[in-house]
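Worksheet for the structure shown next.
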Amino acid sequence: MSNVLGIDVGGSGIKGAPVDLEVGDFAEPRLRITTPEKSSPKNVVAVLREIVDNFAPTIGDGPVGISFPAPARHGVIPFIANLDQEWAGLHAENYISDALGRPVTVLNDADAAGLGEVHYGAAKGVPGLVILTTLGTGIGSAVINNGVLLPNTELGHIEIDGHDAESRAASSVKDRKKMSYKDWATKRLQPYYATLEMLFSPDLFVVGGGVSKDHDKFFKYLDLETPIVPAQLRNRAGIIGAAWQAQWRLEHPDVTEQQVIAAAEEAKKDD
């Protein structure tokens, strides 16, 4: 299996590296380029092209997987918060693929991290339902059942005690309110994860985000039936997961966007 390029697009930086999918790690050190101040599609694609060109000797004409800070519905970005609003409504997958001249897969950044952890990290070999949550400025989520991703979940926005969950339980809230790990875990994280447990009956929780490196300071205060573990791939997860998904798409050309749309149209007719 050849190396596949994974790229993580963020509000402050765009990072990419070829991924050896046999082992689930970078084949070369990653390249980081600052996100353009005007992060329009045109300007971001210029950075993507620079990253692709840098790794061209390693990846050849292979596909590119792109982890994106927004939902990606069949390649379309429905709305965007951390990049220029020109991305909203754009078929980003087609746009970037045309610009780079190679197959491109675009997926949500939390989904990419979840795929990375399921195939190479903390959830590798775990059957059943895995829920990854990233605790940072907000709360990102990925739901994966037996290796199959349910894309674009926003479990950071479920309602807990009348509040948007991430407005209460994100690690940024702990920092802003100067909460101890114990108070944050017992008063904010416990009701959040207990609610997810009640709604989904998962087999495993994986916790990512920068605060996951301090998991020993707050996991011990959580009272859950579901096992909960820290993410292993850390800031490599999105790049690795995006590369894995790009290769999967290349190997399953029969699962096309047109088929998905056609199935949805047939379902509407049946209604």
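Just remember, in the structure tokens the first chain shown is A, the second B, etc., residues are 1-based per chain, and ligands are 1-based in the order shown.
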Those of stretch 117-169 of chain A in DSSP alpha helix (DSSP H), formatted as a PyMOL selection string: chain A and resi 117-120+166-169
Keeping only N, CA and C atoms, write the selected residues to a file as an mmCIF file, in the first residue's frame.
data_model
loop_
_atom_site.group_PDB
_atom_site.id
_atom_site.type_symbol
_atom_site.label_atom_id
_atom_site.label_comp_id
_atom_site.auth_asym_id
_atom_site.auth_seq_id
_atom_site.Cartn_x
_atom_site.Cartn_y
_atom_site.Cartn_z
ATOM 1 N N GLU A 117 -8.132 6.995 15.476
ATOM 2 C CA GLU A 117 -8.070 6.259 16.739
ATOM 3 C C GLU A 117 -8.649 4.851 16.614
ATOM 4 N N VAL A 118 -9.687 4.698 15.797
ATOM 5 C CA VAL A 118 -10.307 3.378 15.630
ATOM 6 C C VAL A 118 -9.385 2.423 14.878
ATOM 7 N N HIS A 119 -8.683 2.919 13.876
ATOM 8 C CA HIS A 119 -7.876 2.024 13.047
ATOM 9 C C HIS A 119 -6.435 1.875 13.516
ATOM 10 N N TYR A 120 -5.954 2.860 14.288
ATOM 11 C CA TYR A 120 -4.544 2.794 14.680
ATOM 12 C C TYR A 120 -4.271 3.186 16.126
ATOM 13 N N GLU A 166 -21.212 21.901 25.260
ATOM 14 C CA GLU A 166 -19.845 22.396 25.208
ATOM 15 C C GLU A 166 -19.682 23.727 25.941
ATOM 16 N N SER A 167 -20.786 24.455 26.123
ATOM 17 C CA SER A 167 -20.704 25.706 26.882
ATOM 18 C C SER A 167 -20.516 25.450 28.370
ATOM 19 N N ARG A 168 -20.681 24.180 28.772
ATOM 20 C CA ARG A 168 -20.529 23.816 30.181
ATOM 21 C C ARG A 168 -19.334 22.895 30.428
ATOM 22 N N ALA A 169 -19.028 22.038 29.449
ATOM 23 C CA ALA A 169 -18.093 20.950 29.725
ATOM 24 C C ALA A 169 -16.789 21.003 28.934
#
All residues 10 Å or closer to A:Asp183, only C-alpha atoms, same chain fewer than 5 positions away omitted, as a VMD selection string: chain A and resid 174 178 188 to 190 218 221
Contacts of stretch 29-40 of chain A within 10 Å, only C-alpha atoms, excl. fewer than 6 positions in-chain, as a PDB file with all heavy atoms, in the first residue's frame:
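The new file result08.pdb reads:
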ATOM      1  N   GLY A   6      -2.260  13.019   4.132  1.00  0.00           N
ATOM      2  CA  GLY A   6      -3.326  13.545   4.968  1.00  0.00           C
ATOM      3  C   GLY A   6      -3.027  14.993   5.306  1.00  0.00           C
ATOM      4  O   GLY A   6      -1.863  15.351   5.559  1.00  0.00           O
ATOM      5  N   ILE A   7      -4.061  15.819   5.296  1.00  0.00           N
ATOM      6  CA  ILE A   7      -3.896  17.245   5.601  1.00  0.00           C
ATOM      7  C   ILE A   7      -4.962  17.661   6.604  1.00  0.00           C
ATOM      8  O   ILE A   7      -6.133  17.292   6.465  1.00  0.00           O
ATOM      9  CB  ILE A   7      -3.999  18.115   4.333  1.00  0.00           C
ATOM     10  CG1 ILE A   7      -2.898  17.749   3.331  1.00  0.00           C
ATOM     11  CG2 ILE A   7      -3.925  19.598   4.685  1.00  0.00           C
ATOM     12  CD1 ILE A   7      -2.977  18.521   2.017  1.00  0.00           C
ATOM     13  N   ASP A   8      -4.547  18.416   7.604  1.00  0.00           N
ATOM     14  CA  ASP A   8      -5.460  18.941   8.615  1.00  0.00           C
ATOM     15  C   ASP A   8      -5.541  20.450   8.453  1.00  0.00           C
ATOM     16  O   ASP A   8      -4.545  21.157   8.654  1.00  0.00           O
ATOM     17  CB  ASP A   8      -4.958  18.578  10.012  1.00  0.00           C
ATOM     18  CG  ASP A   8      -5.871  19.090  11.109  1.00  0.00           C
ATOM     19  OD1 ASP A   8      -7.096  19.036  10.922  1.00  0.00           O
ATOM     20  OD2 ASP A   8      -5.357  19.541  12.149  1.00  0.00           O
ATOM     21  N   VAL A   9      -6.716  20.941   8.063  1.00  0.00           N
ATOM     22  CA  VAL A   9      -6.925  22.381   7.866  1.00  0.00           C
ATOM     23  C   VAL A   9      -7.493  22.964   9.153  1.00  0.00           C
ATOM     24  O   VAL A   9      -8.559  22.546   9.624  1.00  0.00           O
ATOM     25  CB  VAL A   9      -7.888  22.648   6.695  1.00  0.00           C
ATOM     26  CG1 VAL A   9      -8.180  24.147   6.582  1.00  0.00           C
ATOM     27  CG2 VAL A   9      -7.311  22.113   5.395  1.00  0.00           C
ATOM     28  N   GLY A  10      -6.792  23.909   9.726  1.00  0.00           N
ATOM     29  CA  GLY A  10      -7.250  24.566  10.942  1.00  0.00           C
ATOM     30  C   GLY A  10      -7.307  26.066  10.772  1.00  0.00           C
ATOM     31  O   GLY A  10      -6.829  26.608   9.773  1.00  0.00           O
ATOM     32  N   GLY A  11      -7.869  26.745  11.745  1.00  0.00           N
ATOM     33  CA  GLY A  11      -8.006  28.188  11.662  1.00  0.00           C
ATOM     34  C   GLY A  11      -6.683  28.922  11.734  1.00  0.00           C
ATOM     35  O   GLY A  11      -6.547  30.028  11.203  1.00  0.00           O
ATOM     36  N   SER A  12      -5.673  28.320  12.380  1.00  0.00           N
ATOM     37  CA  SER A  12      -4.382  28.987  12.521  1.00  0.00           C
ATOM     38  C   SER A  12      -3.284  28.338  11.688  1.00  0.00           C
ATOM     39  O   SER A  12      -2.316  29.003  11.318  1.00  0.00           O
ATOM     40  CB  SER A  12      -3.954  29.014  13.990  1.00  0.00           C
ATOM     41  OG  SER A  12      -3.840  27.702  14.502  1.00  0.00           O
ATOM     42  N   GLY A  13      -3.415  27.036  11.413  1.00  0.00           N
ATOM     43  CA  GLY A  13      -2.377  26.358  10.653  1.00  0.00           C
ATOM     44  C   GLY A  13      -2.933  25.243   9.787  1.00  0.00           C
ATOM     45  O   GLY A  13      -3.963  24.642  10.106  1.00  0.00           O
ATOM     46  N   ILE A  14      -2.254  24.959   8.684  1.00  0.00           N
ATOM     47  CA  ILE A  14      -2.596  23.847   7.785  1.00  0.00           C
ATOM     48  C   ILE A  14      -1.411  22.903   7.799  1.00  0.00           C
ATOM     49  O   ILE A  14      -0.292  23.293   7.477  1.00  0.00           O
ATOM     50  CB  ILE A  14      -2.895  24.352   6.363  1.00  0.00           C
ATOM     51  CG1 ILE A  14      -4.074  25.332   6.402  1.00  0.00           C
ATOM     52  CG2 ILE A  14      -3.216  23.181   5.438  1.00  0.00           C
ATOM     53  CD1 ILE A  14      -4.369  25.999   5.063  1.00  0.00           C
ATOM     54  N   LYS A  15      -1.666  21.658   8.223  1.00  0.00           N
ATOM     55  CA  LYS A  15      -0.584  20.704   8.454  1.00  0.00           C
ATOM     56  C   LYS A  15      -0.798  19.467   7.604  1.00  0.00           C
ATOM     57  O   LYS A  15      -1.927  18.988   7.496  1.00  0.00           O
ATOM     58  CB  LYS A  15      -0.536  20.320   9.937  1.00  0.00           C
ATOM     59  CG  LYS A  15      -0.338  21.524  10.845  1.00  0.00           C
ATOM     60  CD  LYS A  15      -0.953  21.363  12.217  1.00  0.00           C
ATOM     61  CE  LYS A  15      -2.447  21.178  12.213  1.00  0.00           C
ATOM     62  NZ  LYS A  15      -3.225  22.340  12.649  1.00  0.00           N
ATOM     63  N   GLY A  16       0.259  18.946   7.029  1.00  0.00           N
ATOM     64  CA  GLY A  16       0.126  17.758   6.199  1.00  0.00           C
ATOM     65  C   GLY A  16       1.318  16.841   6.327  1.00  0.00           C
ATOM     66  O   GLY A  16       2.435  17.276   6.663  1.00  0.00           O
ATOM     67  N   ALA A  17       1.066  15.549   6.081  1.00  0.00           N
ATOM     68  CA  ALA A  17       2.146  14.568   6.086  1.00  0.00           C
ATOM     69  C   ALA A  17       1.695  13.335   5.330  1.00  0.00           C
ATOM     70  O   ALA A  17       0.515  12.967   5.377  1.00  0.00           O
ATOM     71  CB  ALA A  17       2.527  14.178   7.516  1.00  0.00           C
ATOM     72  N   PRO A  18       2.602  12.663   4.626  1.00  0.00           N
ATOM     73  CA  PRO A  18       2.263  11.369   4.041  1.00  0.00           C
ATOM     74  C   PRO A  18       2.147  10.342   5.166  1.00  0.00           C
ATOM     75  O   PRO A  18       2.950  10.350   6.112  1.00  0.00           O
ATOM     76  CB  PRO A  18       3.447  11.068   3.121  1.00  0.00           C
ATOM     77  CG  PRO A  18       4.576  11.887   3.640  1.00  0.00           C
ATOM     78  CD  PRO A  18       3.978  13.078   4.305  1.00  0.00           C
ATOM     79  N   VAL A  19       1.150   9.473   5.071  1.00  0.00           N
ATOM     80  CA  VAL A  19       0.884   8.496   6.119  1.00  0.00           C
ATOM     81  C   VAL A  19       1.142   7.095   5.582  1.00  0.00           C
ATOM     82  O   VAL A  19       0.642   6.728   4.513  1.00  0.00           O
ATOM     83  CB  VAL A  19      -0.572   8.603   6.611  1.00  0.00           C
ATOM     84  CG1 VAL A  19      -0.885   7.516   7.638  1.00  0.00           C
ATOM     85  CG2 VAL A  19      -0.825   9.988   7.204  1.00  0.00           C
ATOM     86  N   ALA A  46      -4.141  27.245  -2.368  1.00  0.00           N
ATOM     87  CA  ALA A  46      -2.743  27.544  -2.695  1.00  0.00           C
ATOM     88  C   ALA A  46      -1.802  26.894  -1.676  1.00  0.00           C
ATOM     89  O   ALA A  46      -0.739  26.370  -2.040  1.00  0.00           O
ATOM     90  CB  ALA A  46      -2.524  29.050  -2.736  1.00  0.00           C
ATOM     91  N   VAL A  47      -2.206  26.902  -0.413  1.00  0.00           N
ATOM     92  CA  VAL A  47      -1.403  26.253   0.633  1.00  0.00           C
ATOM     93  C   VAL A  47      -1.453  24.736   0.466  1.00  0.00           C
ATOM     94  O   VAL A  47      -0.434  24.045   0.591  1.00  0.00           O
ATOM     95  CB  VAL A  47      -1.891  26.668   2.032  1.00  0.00           C
ATOM     96  CG1 VAL A  47      -1.147  25.885   3.107  1.00  0.00           C
ATOM     97  CG2 VAL A  47      -1.715  28.165   2.248  1.00  0.00           C
ATOM     98  N   LEU A  48      -2.647  24.215   0.183  1.00  0.00           N
ATOM     99  CA  LEU A  48      -2.775  22.770  -0.031  1.00  0.00           C
ATOM    100  C   LEU A  48      -1.874  22.305  -1.173  1.00  0.00           C
ATOM    101  O   LEU A  48      -1.224  21.263  -1.086  1.00  0.00           O
ATOM    102  CB  LEU A  48      -4.232  22.401  -0.332  1.00  0.00           C
ATOM    103  CG  LEU A  48      -5.260  22.700   0.764  1.00  0.00           C
ATOM    104  CD1 LEU A  48      -6.654  22.313   0.285  1.00  0.00           C
ATOM    105  CD2 LEU A  48      -4.923  21.966   2.052  1.00  0.00           C
ATOM    106  N   GLU A  50       0.867  23.684  -2.154  1.00  0.00           N
ATOM    107  CA  GLU A  50       2.263  23.739  -1.691  1.00  0.00           C
ATOM    108  C   GLU A  50       2.611  22.489  -0.886  1.00  0.00           C
ATOM    109  O   GLU A  50       3.706  21.924  -1.036  1.00  0.00           O
ATOM    110  CB  GLU A  50       2.468  24.994  -0.842  1.00  0.00           C
ATOM    111  CG  GLU A  50       3.907  25.219  -0.421  1.00  0.00           C
ATOM    112  CD  GLU A  50       4.105  26.536   0.324  1.00  0.00           C
ATOM    113  OE1 GLU A  50       3.185  27.386   0.290  1.00  0.00           O
ATOM    114  OE2 GLU A  50       5.172  26.702   0.943  1.00  0.00           O
ATOM    115  N   ILE A  51       1.690  22.035  -0.057  1.00  0.00           N
ATOM    116  CA  ILE A  51       1.934  20.826   0.740  1.00  0.00           C
ATOM    117  C   ILE A  51       2.000  19.595  -0.163  1.00  0.00           C
ATOM    118  O   ILE A  51       2.870  18.739  -0.008  1.00  0.00           O
ATOM    119  CB  ILE A  51       0.849  20.674   1.823  1.00  0.00           C
ATOM    120  CG1 ILE A  51       0.973  21.812   2.846  1.00  0.00           C
ATOM    121  CG2 ILE A  51       0.963  19.322   2.526  1.00  0.00           C
ATOM    122  CD1 ILE A  51      -0.147  21.851   3.874  1.00  0.00           C
ATOM    123  N   ASN A  54       5.230  19.535  -2.027  1.00  0.00           N
ATOM    124  CA  ASN A  54       6.351  19.202  -1.140  1.00  0.00           C
ATOM    125  C   ASN A  54       6.520  17.690  -0.978  1.00  0.00           C
ATOM    126  O   ASN A  54       7.645  17.175  -0.929  1.00  0.00           O
ATOM    127  CB  ASN A  54       6.130  19.852   0.219  1.00  0.00           C
ATOM    128  CG  ASN A  54       7.261  19.571   1.199  1.00  0.00           C
ATOM    129  OD1 ASN A  54       8.317  20.190   1.146  1.00  0.00           O
ATOM    130  ND2 ASN A  54       7.037  18.628   2.103  1.00  0.00           N
ATOM    131  N   PHE A  55       5.383  16.973  -0.928  1.00  0.00           N
ATOM    132  CA  PHE A  55       5.439  15.537  -0.682  1.00  0.00           C
ATOM    133  C   PHE A  55       5.218  14.706  -1.951  1.00  0.00           C
ATOM    134  O   PHE A  55       5.082  13.485  -1.875  1.00  0.00           O
ATOM    135  CB  PHE A  55       4.404  15.143   0.368  1.00  0.00           C
ATOM    136  CG  PHE A  55       4.702  15.685   1.740  1.00  0.00           C
ATOM    137  CD1 PHE A  55       3.843  16.619   2.326  1.00  0.00           C
ATOM    138  CD2 PHE A  55       5.825  15.286   2.436  1.00  0.00           C
ATOM    139  CE1 PHE A  55       4.109  17.120   3.586  1.00  0.00           C
ATOM    140  CE2 PHE A  55       6.099  15.785   3.707  1.00  0.00           C
ATOM    141  CZ  PHE A  55       5.247  16.709   4.286  1.00  0.00           C
ATOM    142  N   ASN A  82     -14.682  28.762  11.448  1.00  0.00           N
ATOM    143  CA  ASN A  82     -13.286  29.139  11.676  1.00  0.00           C
ATOM    144  C   ASN A  82     -12.503  29.484  10.413  1.00  0.00           C
ATOM    145  O   ASN A  82     -11.308  29.726  10.487  1.00  0.00           O
ATOM    146  CB  ASN A  82     -12.565  28.013  12.429  1.00  0.00           C
ATOM    147  CG  ASN A  82     -13.165  27.783  13.803  1.00  0.00           C
ATOM    148  OD1 ASN A  82     -13.468  28.733  14.505  1.00  0.00           O
ATOM    149  ND2 ASN A  82     -13.340  26.530  14.172  1.00  0.00           N
ATOM    150  N   LEU A  83     -13.172  29.484   9.259  1.00  0.00           N
ATOM    151  CA  LEU A  83     -12.532  29.903   8.024  1.00  0.00           C
ATOM    152  C   LEU A  83     -13.441  30.907   7.316  1.00  0.00           C
ATOM    153  O   LEU A  83     -14.565  31.156   7.749  1.00  0.00           O
ATOM    154  CB  LEU A  83     -12.263  28.696   7.112  1.00  0.00           C
ATOM    155  CG  LEU A  83     -11.266  27.642   7.596  1.00  0.00           C
ATOM    156  CD1 LEU A  83     -11.202  26.490   6.596  1.00  0.00           C
ATOM    157  CD2 LEU A  83      -9.881  28.230   7.821  1.00  0.00           C
ATOM    158  N   ASP A  84     -12.969  31.446   6.201  1.00  0.00           N
ATOM    159  CA  ASP A  84     -13.723  32.446   5.452  1.00  0.00           C
ATOM    160  C   ASP A  84     -15.098  31.906   5.040  1.00  0.00           C
ATOM    161  O   ASP A  84     -15.250  30.730   4.694  1.00  0.00           O
ATOM    162  CB  ASP A  84     -12.923  32.837   4.205  1.00  0.00           C
ATOM    163  CG  ASP A  84     -13.482  34.062   3.521  1.00  0.00           C
ATOM    164  OD1 ASP A  84     -14.414  33.899   2.702  1.00  0.00           O
ATOM    165  OD2 ASP A  84     -13.001  35.168   3.796  1.00  0.00           O
ATOM    166  N   GLN A  85     -16.089  32.774   5.065  1.00  0.00           N
ATOM    167  CA  GLN A  85     -17.466  32.366   4.761  1.00  0.00           C
ATOM    168  C   GLN A  85     -17.669  31.955   3.302  1.00  0.00           C
ATOM    169  O   GLN A  85     -18.715  31.395   2.961  1.00  0.00           O
ATOM    170  CB  GLN A  85     -18.438  33.488   5.126  1.00  0.00           C
ATOM    171  CG  GLN A  85     -18.624  33.675   6.622  1.00  0.00           C
ATOM    172  CD  GLN A  85     -19.123  32.392   7.298  1.00  0.00           C
ATOM    173  OE1 GLN A  85     -20.110  31.788   6.862  1.00  0.00           O
ATOM    174  NE2 GLN A  85     -18.426  31.960   8.333  1.00  0.00           N
ATOM    175  N   GLU A  86     -16.684  32.182   2.446  1.00  0.00           N
ATOM    176  CA  GLU A  86     -16.795  31.714   1.060  1.00  0.00           C
ATOM    177  C   GLU A  86     -16.869  30.186   0.982  1.00  0.00           C
ATOM    178  O   GLU A  86     -17.317  29.627  -0.018  1.00  0.00           O
ATOM    179  CB  GLU A  86     -15.604  32.202   0.233  1.00  0.00           C
ATOM    180  CG  GLU A  86     -15.657  33.680  -0.146  1.00  0.00           C
ATOM    181  CD  GLU A  86     -14.508  34.068  -1.061  1.00  0.00           C
ATOM    182  OE1 GLU A  86     -14.052  33.210  -1.852  1.00  0.00           O
ATOM    183  OE2 GLU A  86     -14.061  35.226  -0.985  1.00  0.00           O
ATOM    184  N   TRP A  87     -16.447  29.500   2.056  1.00  0.00           N
ATOM    185  CA  TRP A  87     -16.516  28.036   2.073  1.00  0.00           C
ATOM    186  C   TRP A  87     -17.951  27.547   2.243  1.00  0.00           C
ATOM    187  O   TRP A  87     -18.282  26.435   1.821  1.00  0.00           O
ATOM    188  CB  TRP A  87     -15.665  27.477   3.216  1.00  0.00           C
ATOM    189  CG  TRP A  87     -14.199  27.543   2.974  1.00  0.00           C
ATOM    190  CD1 TRP A  87     -13.333  28.476   3.458  1.00  0.00           C
ATOM    191  CD2 TRP A  87     -13.419  26.647   2.174  1.00  0.00           C
ATOM    192  NE1 TRP A  87     -12.058  28.208   3.012  1.00  0.00           N
ATOM    193  CE2 TRP A  87     -12.091  27.094   2.233  1.00  0.00           C
ATOM    194  CE3 TRP A  87     -13.718  25.507   1.433  1.00  0.00           C
ATOM    195  CZ2 TRP A  87     -11.060  26.440   1.556  1.00  0.00           C
ATOM    196  CZ3 TRP A  87     -12.701  24.840   0.765  1.00  0.00           C
ATOM    197  CH2 TRP A  87     -11.384  25.314   0.833  1.00  0.00           C
ATOM    198  N   ARG A 236      -1.797  13.937  15.753  1.00  0.00           N
ATOM    199  CA  ARG A 236      -1.591  13.249  14.475  1.00  0.00           C
ATOM    200  C   ARG A 236      -2.873  12.583  13.981  1.00  0.00           C
ATOM    201  O   ARG A 236      -2.951  12.144  12.830  1.00  0.00           O
ATOM    202  CB  ARG A 236      -0.504  12.175  14.632  1.00  0.00           C
ATOM    203  CG  ARG A 236       0.881  12.732  14.922  1.00  0.00           C
ATOM    204  CD  ARG A 236       1.859  11.595  15.197  1.00  0.00           C
ATOM    205  NE  ARG A 236       1.465  10.861  16.402  1.00  0.00           N
ATOM    206  CZ  ARG A 236       1.571   9.552  16.546  1.00  0.00           C
ATOM    207  NH1 ARG A 236       2.046   8.800  15.567  1.00  0.00           N
ATOM    208  NH2 ARG A 236       1.199   8.971  17.679  1.00  0.00           N
ATOM    209  N   ILE A 239      -4.782  13.885  10.667  1.00  0.00           N
ATOM    210  CA  ILE A 239      -4.042  13.632   9.431  1.00  0.00           C
ATOM    211  C   ILE A 239      -4.088  12.150   9.078  1.00  0.00           C
ATOM    212  O   ILE A 239      -4.334  11.768   7.926  1.00  0.00           O
ATOM    213  CB  ILE A 239      -2.586  14.125   9.568  1.00  0.00           C
ATOM    214  CG1 ILE A 239      -2.556  15.660   9.616  1.00  0.00           C
ATOM    215  CG2 ILE A 239      -1.714  13.603   8.430  1.00  0.00           C
ATOM    216  CD1 ILE A 239      -1.182  16.235   9.892  1.00  0.00           C
TER     217      ILE A 239
END
Atom CA of A:Phe205 to atom CA of A:Pro227, straight-line distance in Å: 6.2 Å
Interatomic distance (Å, one decimal) between atom CA of A:Gln247 and atom CA of A:Gly208: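 Separation of atom CA of A:Gln247 and atom CA of A:Gly208: 23.6 Å.
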Could you pull the residues within 8 Å of stretch 21-23 of chain A, counting only C-alpha atoms, minus those fewer than 4 positions along the same chain, as a compact mmCIF listing (two decimals) with C-alpha atoms, in the first residue's frame?
# COMPACT_ATOMS: atom_id res chain seq x y z
CA MET A 1 0.00 0.00 0.00
CA SER A 2 1.43 3.38 -0.97
CA ASN A 3 1.74 6.34 1.35
CA VAL A 4 -1.30 8.61 1.32
CA TYR A 120 -4.54 2.79 14.68
CA ALA A 243 -5.44 9.65 4.86
CA TRP A 244 -7.14 6.36 5.80
Nearest candidate to A:Gly101 (options A:Pro191, A:Gly156, A:Gly60, A:Gly162; using only C-alpha atoms):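 Of all the options, A:Gly60 lies closest to A:Gly101.
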